[in-house]
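To be precise, the following lines are work.tsv, and they hold TSV, C-alpha atoms.
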chain	number	residue	atom	x	y	z
A	1158	MET	CA	0.00	0.00	0.00
A	1159	LYS	CA	2.81	2.38	0.85
A	1160	LEU	CA	4.52	1.54	-2.43
A	1161	LEU	CA	1.33	2.42	-4.28
A	1162	LYS	CA	1.08	5.79	-2.47
A	1163	LYS	CA	4.74	6.58	-3.27
A	1164	LYS	CA	4.20	5.74	-6.95
A	1165	LEU	CA	1.00	7.84	-7.05
A	1166	THR	CA	2.64	10.77	-5.36
A	1167	LYS	CA	5.62	10.56	-7.73
A	1168	GLU	CA	3.30	10.33	-10.75
A	1169	LEU	CA	1.11	13.06	-9.31
A	1170	LYS	CA	4.14	15.29	-8.78
A	1171	ILE	CA	5.28	14.67	-12.33
A	1172	ILE	CA	1.81	15.45	-13.68
A	1173	ILE	CA	1.53	18.64	-11.62
A	1174	GLY	CA	5.03	19.70	-12.68
A	1175	LEU	CA	4.29	19.09	-16.36
A	1176	SER	CA	0.94	20.90	-16.18
A	1177	LEU	CA	2.55	23.90	-14.46
A	1178	THR	CA	5.31	23.94	-17.07
A	1179	LEU	CA	2.75	23.81	-19.87
A	1180	PHE	CA	0.67	26.53	-18.21
A	1181	LEU	CA	3.70	28.82	-17.85
A	1182	GLY	CA	4.74	28.09	-21.42
A	1183	PHE	CA	1.31	28.99	-22.81
A	1184	SER	CA	1.12	32.13	-20.63
A	1185	LEU	CA	4.50	33.34	-21.87
A	1186	MET	CA	3.51	32.66	-25.47
A	1187	GLN	CA	0.23	34.55	-25.00
A	1188	THR	CA	2.05	37.50	-23.42
A	1189	ASN	CA	4.51	37.51	-26.29
A	1190	ILE	CA	1.63	37.50	-28.79
A	1191	SER	CA	-0.12	40.41	-27.04
A	1192	PHE	CA	3.12	42.43	-27.10
A	1193	LYS	CA	3.47	41.71	-30.81
A	1194	ASN	CA	-0.15	42.77	-31.42
A	1195	ARG	CA	0.47	46.07	-29.63
A	1196	ARG	CA	3.59	46.63	-31.70
A	1197	ILE	CA	1.67	45.85	-34.90
A	1198	LYS	CA	-1.06	48.37	-33.97
A	1199	SER	CA	1.57	50.98	-33.21
A	1200	LEU	CA	3.28	50.40	-36.55
A	1201	GLU	CA	-0.06	50.53	-38.39
A	1202	SER	CA	-0.89	53.90	-36.84
A	1203	GLN	CA	2.55	55.22	-37.77
A	1204	LEU	CA	2.03	53.91	-41.30
A	1205	ARG	CA	-1.35	55.69	-41.56
A	1206	ILE	CA	0.30	58.94	-40.49
A	1207	LEU	CA	3.06	58.52	-43.06
A	1208	VAL	CA	0.56	57.70	-45.83
A	1209	TYR	CA	-1.45	60.82	-44.93
A	1210	GLU	CA	1.69	62.98	-44.98
A	1211	ASN	CA	2.69	61.42	-48.29
A	1212	LYS	CA	-0.70	62.27	-49.82
A	1213	THR	CA	-0.44	65.88	-48.69
A	1214	ASP	CA	3.15	66.11	-49.93
A	1215	SER	CA	2.21	64.68	-53.31
A	1216	VAL	CA	-0.19	67.57	-53.82
A	1217	ILE	CA	2.75	69.94	-53.70
A	1218	SER	CA	4.59	69.93	-56.99
A	1219	GLU	CA	8.23	68.92	-57.14
A	1220	ASN	CA	9.35	72.46	-57.99
A	1221	GLN	CA	7.73	74.04	-54.96
A	1222	THR	CA	8.66	73.84	-51.34
A	1223	LYS	CA	6.13	73.77	-48.56
A	1224	ASP	CA	6.78	77.46	-47.84
A	1225	ASP	CA	5.91	78.41	-51.42
A	1226	VAL	CA	2.46	76.80	-51.30
A	1227	VAL	CA	-0.36	79.18	-50.52
A	1228	GLU	CA	-3.36	77.38	-49.10
A	1229	GLU	CA	-6.73	78.51	-50.31
A	1230	ASP	CA	-8.36	80.76	-47.77
A	1231	PRO	CA	-11.55	79.16	-46.42
A	1232	ARG	CA	-13.14	82.60	-46.29
A	1233	THR	CA	-13.04	82.70	-50.08
A	1234	GLU	CA	-14.92	79.38	-50.16
A	1235	LEU	CA	-17.49	80.85	-47.78
A	1236	TYR	CA	-17.73	83.95	-49.94
A	1237	LYS	CA	-18.15	81.86	-53.12
A	1238	ILE	CA	-20.95	79.74	-51.65
A	1239	LYS	CA	-22.75	82.85	-50.37
A	1240	GLU	CA	-22.48	84.41	-53.83
A	1241	ARG	CA	-23.99	81.29	-55.39
A	1242	TYR	CA	-26.94	81.44	-53.02
A	1243	ILE	CA	-27.41	85.16	-53.64
A	1244	LYS	CA	-27.25	84.85	-57.47
A	1245	LEU	CA	-29.67	81.94	-57.61
A	1246	ALA	CA	-32.02	83.67	-55.17
A	1247	GLU	CA	-32.04	86.86	-57.22
A	1248	GLY	CA	-33.16	84.81	-60.22
A	1249	ILE	CA	-36.21	83.71	-58.21
A	1250	GLY	CA	-36.87	87.20	-56.82
A	1251	LYS	CA	-35.44	86.85	-53.30
A	1252	GLN	CA	-33.18	89.46	-51.69
A	1253	TYR	CA	-30.16	88.82	-49.50
A	1254	ASP	CA	-30.18	90.88	-46.30
A	1255	GLU	CA	-27.12	90.45	-44.08
A	1256	SER	CA	-28.70	92.27	-41.14
A	1257	LEU	CA	-31.74	89.97	-41.06
A	1258	LEU	CA	-32.10	87.99	-37.84
A	1259	GLY	CA	-34.91	85.50	-37.96
A	1260	GLU	CA	-35.76	81.84	-37.83
A	1261	PRO	CA	-33.61	79.21	-39.50
A	1262	ILE	CA	-35.63	77.70	-42.35
A	1263	TYR	CA	-33.15	75.37	-44.03
A	1264	LYS	CA	-30.03	73.62	-42.69
A	1265	PHE	CA	-27.54	71.79	-44.84
A	1266	GLU	CA	-24.29	70.13	-43.75
A	1267	VAL	CA	-21.35	69.49	-46.07
A	1268	ILE	CA	-17.69	68.54	-45.63
A	1269	ASP	CA	-16.38	70.36	-48.71
A	1270	LEU	CA	-18.05	73.58	-49.81
A	1271	ASN	CA	-16.84	73.05	-53.37
A	1272	THR	CA	-19.02	69.96	-53.72
A	1273	VAL	CA	-22.33	71.81	-53.17
A	1274	THR	CA	-24.36	71.58	-56.38
A	1275	ASP	CA	-26.75	74.15	-57.83
A	1276	THR	CA	-29.60	71.70	-57.22
A	1277	GLN	CA	-28.80	71.64	-53.51
A	1278	VAL	CA	-28.62	75.45	-53.46
A	1279	ASN	CA	-31.96	75.72	-55.34
A	1280	SER	CA	-33.69	73.28	-53.00
A	1281	GLY	CA	-32.66	75.46	-50.06
A	1282	ILE	CA	-33.79	78.66	-51.75
A	1283	ASN	CA	-37.13	77.12	-52.74
A	1284	LYS	CA	-37.91	76.47	-49.06
A	1285	LEU	CA	-37.83	80.21	-48.37
A	1286	SER	CA	-41.30	81.70	-48.19
A	1287	LYS	CA	-40.40	85.37	-47.64
A	1288	GLU	CA	-38.62	87.77	-49.98
A	1289	ARG	CA	-35.65	88.53	-47.75
A	1290	PHE	CA	-33.20	85.99	-46.37
A	1291	ASN	CA	-29.81	85.70	-44.70
A	1292	ILE	CA	-27.14	83.01	-44.94
A	1293	LYS	CA	-25.14	81.80	-41.99
A	1294	ILE	CA	-22.28	79.33	-42.48
A	1295	GLU	CA	-20.83	77.64	-39.41
A	1296	LYS	CA	-17.54	75.75	-39.43
A	1297	ASN	CA	-17.40	72.79	-37.03
A	1298	LYS	CA	-14.97	69.96	-36.40
A	1299	LEU	CA	-15.80	66.28	-36.59
A	1300	GLY	CA	-12.78	64.32	-35.42
A	1301	ASN	CA	-9.88	65.88	-37.26
A	1302	LYS	CA	-11.93	67.08	-40.25
A	1303	ASN	CA	-13.90	70.27	-40.70
A	1304	TYR	CA	-17.46	70.35	-41.89
A	1305	TYR	CA	-19.73	73.28	-42.66
A	1306	LYS	CA	-23.34	73.91	-41.73
A	1307	ILE	CA	-25.20	76.22	-44.12
A	1308	ILE	CA	-28.26	77.83	-42.55
A	1309	LEU	CA	-30.82	79.92	-44.45
A	1310	ILE	CA	-32.65	82.41	-42.25
A	1311	GLU	CA	-35.91	84.29	-42.94
Show me, as structure tokens, the structure contained in the file I just sent.
Amino acid sequence: MKLLKKKLTKELKIIIGLSLTLFLGFSLMQTNISFKNRRIKSLESQLRILVYENKTDSVISENQTKDDVVEEDPRTELYKIKERYIKLAEGIGKQYDESLLGEPIYKFEVIDLNTVTDTQVNSGINKLSKERFNIKIEKNKLGNKNYYKIILIE
């Protein structure tokens, strides 16, 4: 009986030792994998930043330096979109009044003001019921990008 207990305890000790060794081995491998995953995510974010910088640099021609590039003033975009609204409204018989403070009638959100079509401008103007109107353009941020909110006021 004692021999059987000694054999069981020796076998049990071997089994426990092997299972602990396997457990430690798997834990170390898992830790190593999680460190590699973190490193991969870090490298991917750095790659995204480099790709973004490369895209912006490719816009600049090879003959120009970054200091020579004059960015388009967003106020000119705002001015251009206001002029489009005013011209199309005059064709319908509406008058632009900058001093007018009233209720917002039409709201339109856009990321790039250059992508606003005449159809979108006309649909906003057609919602106006009075002769006089005002245009308010708000610039907001969504993440790291700007977007514009065009508001027509009667």
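We find atom CA of Thr1276 of chain A and atom CA of Leu1257 of chain A to be spaced 24.5 Å apart.
For the pair atom CA of Leu1285 of chain A and atom CA of Leu1299 of chain A, the interatomic distance is 28.6 Å.
Relative to atom CA of Asn1211 of chain A, atom CA of Leu1235 of chain A is found at 28.0 Å.
Each of A:Tyr1236, A:Phe1290, A:Tyr1305, A:Tyr1242 was checked against Pro1261 of chain A using all atoms listed in the file; the smallest atom-to-atom distance is that of A:Phe1290.
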Open item on the list: So, with all atoms listed in the file as the atoms that count, which of A:Glu1311, A:Glu1210, A:Gly1281, A:Thr1274 lies closest to Gln1252 of chain A?
Closed with: A:Glu1311
Task: Nearest to Phe1265 of chain A, chosen from A:Lys1167, A:Lys1306, A:Arg1196, A:Arg1205, with only C-alpha atoms counted in the distances - done: A:Lys1306
Open item on the list: Need to verify the contact set: Ile1268 of chain A, 10 Å, all atoms listed in the file, exclusion of same-chain residues closer than 5 positions in sequence. Can you return it as a list in words?
Closed with: Val1273, Lys1296, Asn1297, Lys1298, Leu1299, Lys1302, Asn1303, Tyr1304, Tyr1305 and Lys1306 of chain A
TODO: Rank nothing, just name the residue among A:Leu1309, A:Asn1271, A:Ile1206, A:Met1186 nearest to Tyr1253 of chain A, using only C-alpha atoms.
DONE: A:Leu1309
Open item on the list: Between A:Asp1275, A:Ile1238, A:Thr1233, A:Lys1293, which residue has the minimum interatomic distance to Glu1260 of chain A, considering only C-alpha atoms?
Closed with: A:Lys1293
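When all atoms listed in the file are used to compute distances to Ser1256 of chain A, the closest of the residues A:Leu1181, A:Ile1190, A:Ile1173, A:Ile1292 turns out to be A:Ile1292.
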As an mmCIF file, in the coordinates of the input, the rebuilt segment 1164-1175 of chain A with all heavy atoms:
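Done, and the output landed in selection.cif:
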data_model
loop_
_atom_site.group_PDB
_atom_site.id
_atom_site.type_symbol
_atom_site.label_atom_id
_atom_site.label_comp_id
_atom_site.auth_asym_id
_atom_site.auth_seq_id
_atom_site.Cartn_x
_atom_site.Cartn_y
_atom_site.Cartn_z
ATOM 1 N N LYS A 1164 4.274 5.671 -5.499
ATOM 2 C CA LYS A 1164 4.200 5.740 -6.950
ATOM 3 C C LYS A 1164 3.188 6.800 -7.392
ATOM 4 O O LYS A 1164 3.439 7.562 -8.327
ATOM 5 C CB LYS A 1164 3.832 4.392 -7.543
ATOM 6 C CG LYS A 1164 4.963 3.434 -7.611
ATOM 7 C CD LYS A 1164 4.574 2.208 -8.392
ATOM 8 C CE LYS A 1164 5.772 1.284 -8.530
ATOM 9 N NZ LYS A 1164 5.444 0.116 -9.322
ATOM 10 N N LEU A 1165 2.017 6.848 -6.716
ATOM 11 C CA LEU A 1165 1.000 7.840 -7.050
ATOM 12 C C LEU A 1165 1.493 9.253 -6.777
ATOM 13 O O LEU A 1165 1.262 10.168 -7.569
ATOM 14 C CB LEU A 1165 -0.296 7.577 -6.293
ATOM 15 C CG LEU A 1165 -1.163 6.442 -6.811
ATOM 16 C CD1 LEU A 1165 -2.386 6.264 -5.917
ATOM 17 C CD2 LEU A 1165 -1.601 6.718 -8.229
ATOM 18 N N THR A 1166 2.156 9.426 -5.667
ATOM 19 C CA THR A 1166 2.640 10.770 -5.360
ATOM 20 C C THR A 1166 3.727 11.190 -6.339
ATOM 21 O O THR A 1166 3.793 12.337 -6.756
ATOM 22 C CB THR A 1166 3.171 10.845 -3.917
ATOM 23 O OG1 THR A 1166 4.154 9.853 -3.719
ATOM 24 C CG2 THR A 1166 2.042 10.685 -2.926
ATOM 25 N N LYS A 1167 4.605 10.224 -6.747
ATOM 26 C CA LYS A 1167 5.620 10.560 -7.730
ATOM 27 C C LYS A 1167 4.972 10.891 -9.070
ATOM 28 O O LYS A 1167 5.327 11.877 -9.732
ATOM 29 C CB LYS A 1167 6.620 9.407 -7.903
ATOM 30 C CG LYS A 1167 7.610 9.280 -6.795
ATOM 31 C CD LYS A 1167 8.586 8.145 -7.093
ATOM 32 C CE LYS A 1167 9.558 7.982 -5.943
ATOM 33 N NZ LYS A 1167 10.498 6.877 -6.190
ATOM 34 N N GLU A 1168 4.008 10.072 -9.495
ATOM 35 C CA GLU A 1168 3.300 10.330 -10.750
ATOM 36 C C GLU A 1168 2.496 11.625 -10.667
ATOM 37 O O GLU A 1168 2.451 12.391 -11.618
ATOM 38 C CB GLU A 1168 2.396 9.152 -11.097
ATOM 39 C CG GLU A 1168 3.150 7.910 -11.510
ATOM 40 C CD GLU A 1168 2.219 6.736 -11.768
ATOM 41 O OE1 GLU A 1168 0.973 6.906 -11.687
ATOM 42 O OE2 GLU A 1168 2.745 5.660 -12.059
ATOM 43 N N LEU A 1169 1.889 11.841 -9.498
ATOM 44 C CA LEU A 1169 1.110 13.060 -9.310
ATOM 45 C C LEU A 1169 2.015 14.289 -9.360
ATOM 46 O O LEU A 1169 1.665 15.314 -9.962
ATOM 47 C CB LEU A 1169 0.360 12.990 -7.975
ATOM 48 C CG LEU A 1169 -0.710 14.045 -7.743
ATOM 49 C CD1 LEU A 1169 -1.773 13.975 -8.821
ATOM 50 C CD2 LEU A 1169 -1.329 13.862 -6.384
ATOM 51 N N LYS A 1170 3.188 14.184 -8.744
ATOM 52 C CA LYS A 1170 4.140 15.290 -8.780
ATOM 53 C C LYS A 1170 4.612 15.557 -10.198
ATOM 54 O O LYS A 1170 4.731 16.711 -10.620
ATOM 55 C CB LYS A 1170 5.339 14.990 -7.876
ATOM 56 C CG LYS A 1170 5.047 15.065 -6.406
ATOM 57 C CD LYS A 1170 6.283 14.734 -5.590
ATOM 58 C CE LYS A 1170 5.963 14.726 -4.096
ATOM 59 N NZ LYS A 1170 7.134 14.354 -3.287
ATOM 60 N N ILE A 1171 4.853 14.509 -10.940
ATOM 61 C CA ILE A 1171 5.280 14.670 -12.330
ATOM 62 C C ILE A 1171 4.174 15.333 -13.153
ATOM 63 O O ILE A 1171 4.424 16.250 -13.937
ATOM 64 C CB ILE A 1171 5.695 13.307 -12.929
ATOM 65 C CG1 ILE A 1171 6.975 12.810 -12.260
ATOM 66 C CG2 ILE A 1171 5.898 13.415 -14.433
ATOM 67 C CD1 ILE A 1171 7.355 11.384 -12.641
ATOM 68 N N ILE A 1172 2.954 14.888 -12.952
ATOM 69 C CA ILE A 1172 1.810 15.450 -13.680
ATOM 70 C C ILE A 1172 1.619 16.923 -13.326
ATOM 71 O O ILE A 1172 1.424 17.771 -14.201
ATOM 72 C CB ILE A 1172 0.526 14.634 -13.404
ATOM 73 C CG1 ILE A 1172 0.646 13.252 -14.041
ATOM 74 C CG2 ILE A 1172 -0.698 15.359 -13.929
ATOM 75 C CD1 ILE A 1172 -0.470 12.304 -13.683
ATOM 76 N N ILE A 1173 1.681 17.241 -12.052
ATOM 77 C CA ILE A 1173 1.530 18.640 -11.620
ATOM 78 C C ILE A 1173 2.664 19.491 -12.183
ATOM 79 O O ILE A 1173 2.448 20.599 -12.677
ATOM 80 C CB ILE A 1173 1.463 18.719 -10.082
ATOM 81 C CG1 ILE A 1173 0.147 18.129 -9.580
ATOM 82 C CG2 ILE A 1173 1.593 20.159 -9.614
ATOM 83 C CD1 ILE A 1173 0.048 18.010 -8.076
ATOM 84 N N GLY A 1174 3.877 18.969 -12.137
ATOM 85 C CA GLY A 1174 5.030 19.700 -12.680
ATOM 86 C C GLY A 1174 4.897 19.954 -14.166
ATOM 87 O O GLY A 1174 5.160 21.058 -14.652
ATOM 88 N N LEU A 1175 4.478 18.919 -14.914
ATOM 89 C CA LEU A 1175 4.290 19.090 -16.360
ATOM 90 C C LEU A 1175 3.163 20.074 -16.671
ATOM 91 O O LEU A 1175 3.271 20.906 -17.579
ATOM 92 C CB LEU A 1175 4.011 17.738 -17.016
ATOM 93 C CG LEU A 1175 5.220 16.820 -17.203
ATOM 94 C CD1 LEU A 1175 4.776 15.461 -17.740
ATOM 95 C CD2 LEU A 1175 6.225 17.454 -18.137
#
